[in-house]
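Structure file run.cif; described as mmCIF, C-alpha atoms.
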```cif
data_data
#
loop_
_atom_site.label_atom_id
_atom_site.label_comp_id
_atom_site.auth_asym_id
_atom_site.auth_seq_id
_atom_site.Cartn_x
_atom_site.Cartn_y
_atom_site.Cartn_z
CA MET Q 1 89.73 56.19 107.85
CA ASP Q 2 88.91 54.19 104.72
CA LEU Q 3 90.48 51.05 103.27
CA LEU Q 4 90.52 50.64 99.51
CA LEU Q 5 91.42 47.45 97.63
CA VAL Q 6 92.87 48.44 94.23
CA GLN Q 7 93.61 45.85 91.56
CA ALA Q 8 96.96 46.56 89.90
CA GLN Q 9 96.04 46.79 86.24
CA ASN Q 10 98.98 48.88 85.06
CA PRO Q 11 102.77 48.91 85.61
CA GLU Q 12 102.67 51.84 88.04
CA LEU Q 13 100.22 50.10 90.41
CA LEU Q 14 102.14 46.82 90.20
CA SER Q 15 105.34 48.70 91.03
CA ARG Q 16 103.65 50.21 94.10
CA CYS Q 17 102.55 46.71 95.21
CA LEU Q 18 106.11 45.47 94.86
CA LEU Q 19 107.45 48.47 96.81
CA VAL Q 20 105.15 47.63 99.73
CA ARG Q 21 106.21 43.98 99.61
CA ARG Q 22 109.87 45.00 99.46
CA ALA Q 23 109.47 47.18 102.55
CA VAL Q 24 107.78 44.38 104.52
CA PHE Q 25 109.31 41.13 103.33
CA ILE Q 26 112.83 42.13 102.26
CA GLN Q 27 113.71 45.15 104.40
CA GLU Q 28 111.73 44.35 107.57
CA LYS Q 29 111.56 40.53 107.59
CA GLY Q 30 114.88 39.82 105.88
CA VAL Q 31 113.51 37.55 103.14
CA PRO Q 32 116.04 37.36 100.29
CA GLU Q 33 114.86 39.25 97.21
CA SER Q 34 115.48 36.14 95.10
CA LEU Q 35 112.76 34.35 97.12
CA GLU Q 36 110.31 37.24 97.52
CA VAL Q 37 110.08 38.41 93.90
CA ASP Q 38 109.36 35.67 91.38
CA GLN Q 39 108.05 34.91 87.90
CA TRP Q 40 104.44 35.60 88.99
CA ASP Q 41 105.14 39.28 89.71
CA ARG Q 42 103.95 40.61 86.37
CA LEU Q 43 100.68 41.84 84.91
CA ASP Q 44 100.46 39.24 82.15
CA GLY Q 45 100.80 36.23 84.47
CA PRO Q 46 98.33 34.04 86.32
CA CYS Q 47 98.19 36.24 89.43
CA LEU Q 48 96.09 39.28 90.21
CA HIS Q 49 97.89 41.88 92.31
CA PHE Q 50 96.18 44.22 94.75
CA LEU Q 51 97.29 47.36 96.55
CA LEU Q 52 95.71 48.18 99.91
CA GLN Q 53 95.31 51.87 100.60
CA VAL Q 54 94.35 53.49 103.88
CA ASP Q 55 93.22 57.08 103.38
CA GLY Q 56 95.17 57.26 100.12
CA GLN Q 57 98.40 55.85 101.56
CA ASP Q 58 99.87 52.59 100.24
CA ALA Q 59 99.45 50.41 103.33
CA GLY Q 60 99.63 46.83 102.08
CA ALA Q 61 99.68 44.46 99.16
CA LEU Q 62 98.77 40.93 98.15
CA ARG Q 63 98.43 38.74 95.13
CA CYS Q 64 96.00 35.96 94.28
CA GLN Q 65 96.42 32.99 91.98
CA TRP Q 66 93.77 30.57 90.77
CA ASP Q 67 94.33 27.26 92.55
CA GLU Q 68 91.33 25.42 91.07
CA PRO Q 69 88.27 26.66 89.12
CA ALA Q 70 86.51 27.94 92.25
CA CYS Q 71 89.52 28.35 94.56
CA VAL Q 72 92.04 31.17 94.89
CA ARG Q 73 95.40 31.07 96.65
CA LEU Q 74 96.20 34.26 98.56
CA GLN Q 75 99.91 35.05 98.47
CA ARG Q 76 102.33 37.72 99.67
CA PHE Q 77 99.71 39.41 101.88
CA CYS Q 78 101.38 42.12 103.95
CA LEU Q 79 100.78 45.39 105.73
CA LYS Q 80 103.38 48.01 106.47
CA LYS Q 81 104.28 48.13 110.16
CA ALA Q 82 102.55 51.51 110.71
CA PHE Q 83 99.20 49.98 109.70
CA ARG Q 84 99.32 46.82 111.83
CA GLY Q 85 97.30 46.31 114.99
CA ALA Q 86 94.46 48.64 114.01
CA GLY Q 87 92.18 46.12 112.27
CA TRP Q 88 93.32 46.90 108.71
CA GLY Q 89 94.49 43.32 108.08
CA ARG Q 90 91.11 41.87 109.00
CA ALA Q 91 89.33 44.58 106.97
CA ALA Q 92 91.57 43.86 103.98
CA LEU Q 93 90.87 40.12 104.17
CA ASP Q 94 87.14 40.85 104.34
CA GLN Q 95 87.34 42.96 101.16
CA VAL Q 96 89.42 40.30 99.39
CA GLU Q 97 86.95 37.59 100.40
CA ARG Q 98 83.96 39.64 99.20
CA TYR Q 99 85.75 40.42 95.93
CA TRP Q 100 86.32 36.72 95.19
CA ALA Q 101 82.97 35.47 96.50
CA GLY Q 102 81.32 37.89 94.08
CA ARG Q 103 83.21 36.17 91.27
CA GLY Q 104 82.10 32.65 92.15
CA VAL Q 105 85.10 31.61 94.23
CA THR Q 106 84.08 29.23 97.02
CA GLU Q 107 87.38 28.86 98.90
CA ILE Q 108 90.55 30.80 99.67
CA ARG Q 109 93.77 28.96 100.50
CA LEU Q 110 97.04 30.36 101.78
CA ASP Q 111 100.36 29.41 103.31
CA SER Q 112 100.69 31.37 106.56
CA LYS Q 113 103.84 32.02 108.49
CA PHE Q 114 103.33 29.95 111.63
CA GLU Q 115 103.92 33.00 113.84
CA VAL Q 116 100.84 34.76 112.41
CA CYS Q 117 98.48 31.83 111.81
CA GLY Q 118 96.48 32.94 114.89
CA PHE Q 119 95.53 36.09 112.97
CA TYR Q 120 94.12 34.01 110.12
CA GLU Q 121 92.35 31.67 112.55
CA ALA Q 122 90.67 34.71 114.13
CA CYS Q 123 89.51 35.64 110.61
CA GLY Q 124 87.90 32.22 110.07
CA TYR Q 125 90.72 30.30 108.37
CA ALA Q 126 91.49 26.73 109.46
CA ARG Q 127 94.90 25.05 109.56
CA VAL Q 128 94.99 22.09 107.19
CA SER Q 129 98.64 21.01 107.44
CA ASP Q 130 101.48 20.40 109.80
CA VAL Q 131 104.24 23.00 110.02
CA PHE Q 132 106.58 23.08 107.01
CA LEU Q 133 109.47 25.31 105.95
CA GLU Q 134 109.17 27.82 103.12
CA ALA Q 135 112.16 30.15 102.62
CA ASP Q 136 113.49 28.68 105.90
CA ILE Q 137 110.44 30.08 107.74
CA PRO Q 138 107.87 27.82 109.47
CA HIS Q 139 104.49 27.91 107.67
CA VAL Q 140 101.12 26.13 107.77
CA LYS Q 141 98.55 25.67 105.02
CA MET Q 142 95.19 27.30 105.76
CA GLU Q 143 91.77 27.43 104.07
CA LYS Q 144 88.49 29.26 104.37
CA PRO Q 145 85.22 28.50 102.57
CA LEU Q 146 83.49 31.59 101.17
CA VAL Q 147 79.81 32.39 101.00
CA SER Q 148 78.37 34.49 98.19
CA HIS Q 149 77.49 38.05 99.17
#
```
Represent the supplied structure as structure tokens.
Amino acid sequence: MDLLLVQAQNPELLSRCLLVRRAVFIQEKGVPESLEVDQWDRLDGPCLHFLLQVDGQDAGALRCQWDEPACVRLQRFCLKKAFRGAGWGRAALDQVERYWAGRGVTEIRLDSKFEVCGFYEACGYARVSDVFLEADIPHVKMEKPLVSH
């Protein structure tokens, strides 16, 4: 099975990203839509949106925003339940990291739900904050330096 990272460069692909996020964050996790969808969920904004496909199926989504000239903030990273536990999350992060390292980015930052920060730690991310609440959910700030490929 193959994983493909597709940058959403048209309204149809952005809509598919948002459908995946809706399924995971709103329907499954119970995050209010008013908190999950925001002003950055558009093609002409500061974020790049990506769809993750496994064998042609829309399996996950994420968006990235420039945090500093050589740093990107990974946001809204999710996989549909059917694709979890099979290594697709780690494979997706690897593709995202290679994508950005190839564009001169030297660090990725993210705010992880505390309950899944172990996943990010296993992928080489380090906790750099105490626990804080975001959307009434415990989170921690995490970072990972990138090496050029």
Discussion item. Taking all atoms listed in the file into account, name the residue in Q:Cys71, Q:Leu79, Q:Val105, Q:Leu3 that is nearest to Lys29 of chain Q.
Written reply: Q:Leu79
Find the axis-aligned box for segment 117-122 of chain Q, covering all its listed atoms and adding 8 Å on each side, and write its centre and edge lengths in Å to one decimal as lines of an AutoDock Vina configuration file.
```
center_x = 94.6
center_y = 33.9
center_z = 112.5
size_x = 23.8
size_y = 20.4
size_z = 20.8
```
Worksheet item: If you count all atoms listed in the file, which residues fall within 12 Å of Asp67 of chain Q, apart from same-chain ones fewer than 2 positions away, as a list in words?
Response: Pro46, Cys47, Cys64, Gln65, Pro69, Ala70, Cys71, Val72, Arg73, Leu74, Gln75, Val105, Thr106, Glu107, Ile108, Arg109, Leu110 and Glu143 of chain Q
With C-alpha atoms retained, export the selected residues as a tab-separated table (two decimals), keeping the file's coordinate frame.
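This is the output file result-v7.tsv:
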```tsv
chain	number	residue	atom	x	y	z
Q	46	PRO	CA	98.33	34.04	86.32
Q	47	CYS	CA	98.19	36.24	89.43
Q	64	CYS	CA	96.00	35.96	94.28
Q	65	GLN	CA	96.42	32.99	91.98
Q	69	PRO	CA	88.27	26.66	89.12
Q	70	ALA	CA	86.51	27.94	92.25
Q	71	CYS	CA	89.52	28.35	94.56
Q	72	VAL	CA	92.04	31.17	94.89
Q	73	ARG	CA	95.40	31.07	96.65
Q	74	LEU	CA	96.20	34.26	98.56
Q	75	GLN	CA	99.91	35.05	98.47
Q	105	VAL	CA	85.10	31.61	94.23
Q	106	THR	CA	84.08	29.23	97.02
Q	107	GLU	CA	87.38	28.86	98.90
Q	108	ILE	CA	90.55	30.80	99.67
Q	109	ARG	CA	93.77	28.96	100.50
Q	110	LEU	CA	97.04	30.36	101.78
Q	143	GLU	CA	91.77	27.43	104.07
```
Practice prompt. Please provide as a PyMOL selection string all residues within 10 Å of segment 128-132 of chain Q, with the sequence filter that same-chain residues fewer than 6 positions apart are discarded (counting only C-alpha atoms).
Written response: chain Q and resi 109+111-114+138-143
Discussion item. The PyMOL selection byres ((chain Q and resi 48) around 9) - which residues does that actually catch in the file I just gave you? List them as a PyMOL selection string.
Written reply: chain Q and resi 7-9+42-43+45-47+49-50+62-65
Discussion item. I'd like the neighbourhood of Val24 of chain Q as a PyMOL selection string, where a residue qualifies if any of its atoms comes within 10 Å (using all atoms listed in the file), though same-chain residues fewer than 6 positions away should be ignored.
Written reply: chain Q and resi 18+30-31+60-61+76-81
Discussion item. Would you compute the distance between atom CA of Val116 of chain Q and atom CA of Leu13 of chain Q? Give it in Å to one decimal.
Written reply: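 Atom-to-atom, atom CA of Val116 of chain Q and atom CA of Leu13 of chain Q are spaced 26.8 Å apart.
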Discussion item. Please report the interatomic distance between atom CA of Asp2 of chain Q and atom CA of Asp55 of chain Q in Å with one decimal.
Written reply: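 The value is 5.4 Å.
Computed from the coordinates, the atom CA of Leu93 of chain Q to atom CA of Glu28 of chain Q distance equals 21.6 Å.
Checking Q:Ile137, Q:Ala101, Q:Val6, Q:Val20 one by one against Ala82 of chain Q, counting all atoms listed in the file, you find the shortest gap at Q:Val20.
Compared by their closest atoms to Leu52 of chain Q, and using only C-alpha atoms, the residues Q:Glu97, Q:Ala86, Q:Leu5, Q:Cys17 rank with Q:Leu5 nearest.
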Fill in: Selected residue of minimal separation from Gln53 of chain Q among Q:Gly102, Q:Arg16, Q:Phe119, Q:Leu146, counting all atoms listed in the file
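The answer is Q:Arg16, which sits nearest to Gln53 of chain Q.
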Worksheet item: Given the choices Q:Gln57, Q:Met1, Q:Asp44, Q:Gly89, which gets closest to Ala122 of chain Q if the distance is worked out from all atoms listed in the file?
Response: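 Of Q:Gln57, Q:Met1, Q:Asp44, Q:Gly89, the one nearest Ala122 of chain Q, counting all atoms listed in the file, is Q:Gly89.
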Assuming the chain letters and numbering stay as they are in my file, what does the PyMOL selection byres ((chain Q and resi 123) around 10) actually select? List them as a PDB file with C-alpha atoms, in the coordinates of the input.
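Result saved to out-v5.pdb:
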```
ATOM      1  CA  GLY Q  89      94.490  43.320 108.080  1.00  0.00           C
ATOM      2  CA  ARG Q  90      91.110  41.870 109.000  1.00  0.00           C
ATOM      3  CA  ALA Q  91      89.330  44.580 106.970  1.00  0.00           C
ATOM      4  CA  LEU Q  93      90.870  40.120 104.170  1.00  0.00           C
ATOM      5  CA  ASP Q  94      87.140  40.850 104.340  1.00  0.00           C
ATOM      6  CA  CYS Q 117      98.480  31.830 111.810  1.00  0.00           C
ATOM      7  CA  GLY Q 118      96.480  32.940 114.890  1.00  0.00           C
ATOM      8  CA  PHE Q 119      95.530  36.090 112.970  1.00  0.00           C
ATOM      9  CA  TYR Q 120      94.120  34.010 110.120  1.00  0.00           C
ATOM     10  CA  GLU Q 121      92.350  31.670 112.550  1.00  0.00           C
ATOM     11  CA  ALA Q 122      90.670  34.710 114.130  1.00  0.00           C
ATOM     12  CA  GLY Q 124      87.900  32.220 110.070  1.00  0.00           C
ATOM     13  CA  TYR Q 125      90.720  30.300 108.370  1.00  0.00           C
ATOM     14  CA  ALA Q 126      91.490  26.730 109.460  1.00  0.00           C
ATOM     15  CA  LYS Q 144      88.490  29.260 104.370  1.00  0.00           C
TER      16      LYS Q 144
END
```
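Closest approach to Glu36 of chain Q from the set Q:Val147, Q:Gly104, Q:Ala135, Q:Leu4 is made by Q:Ala135, with distances taken over all atoms listed in the file.
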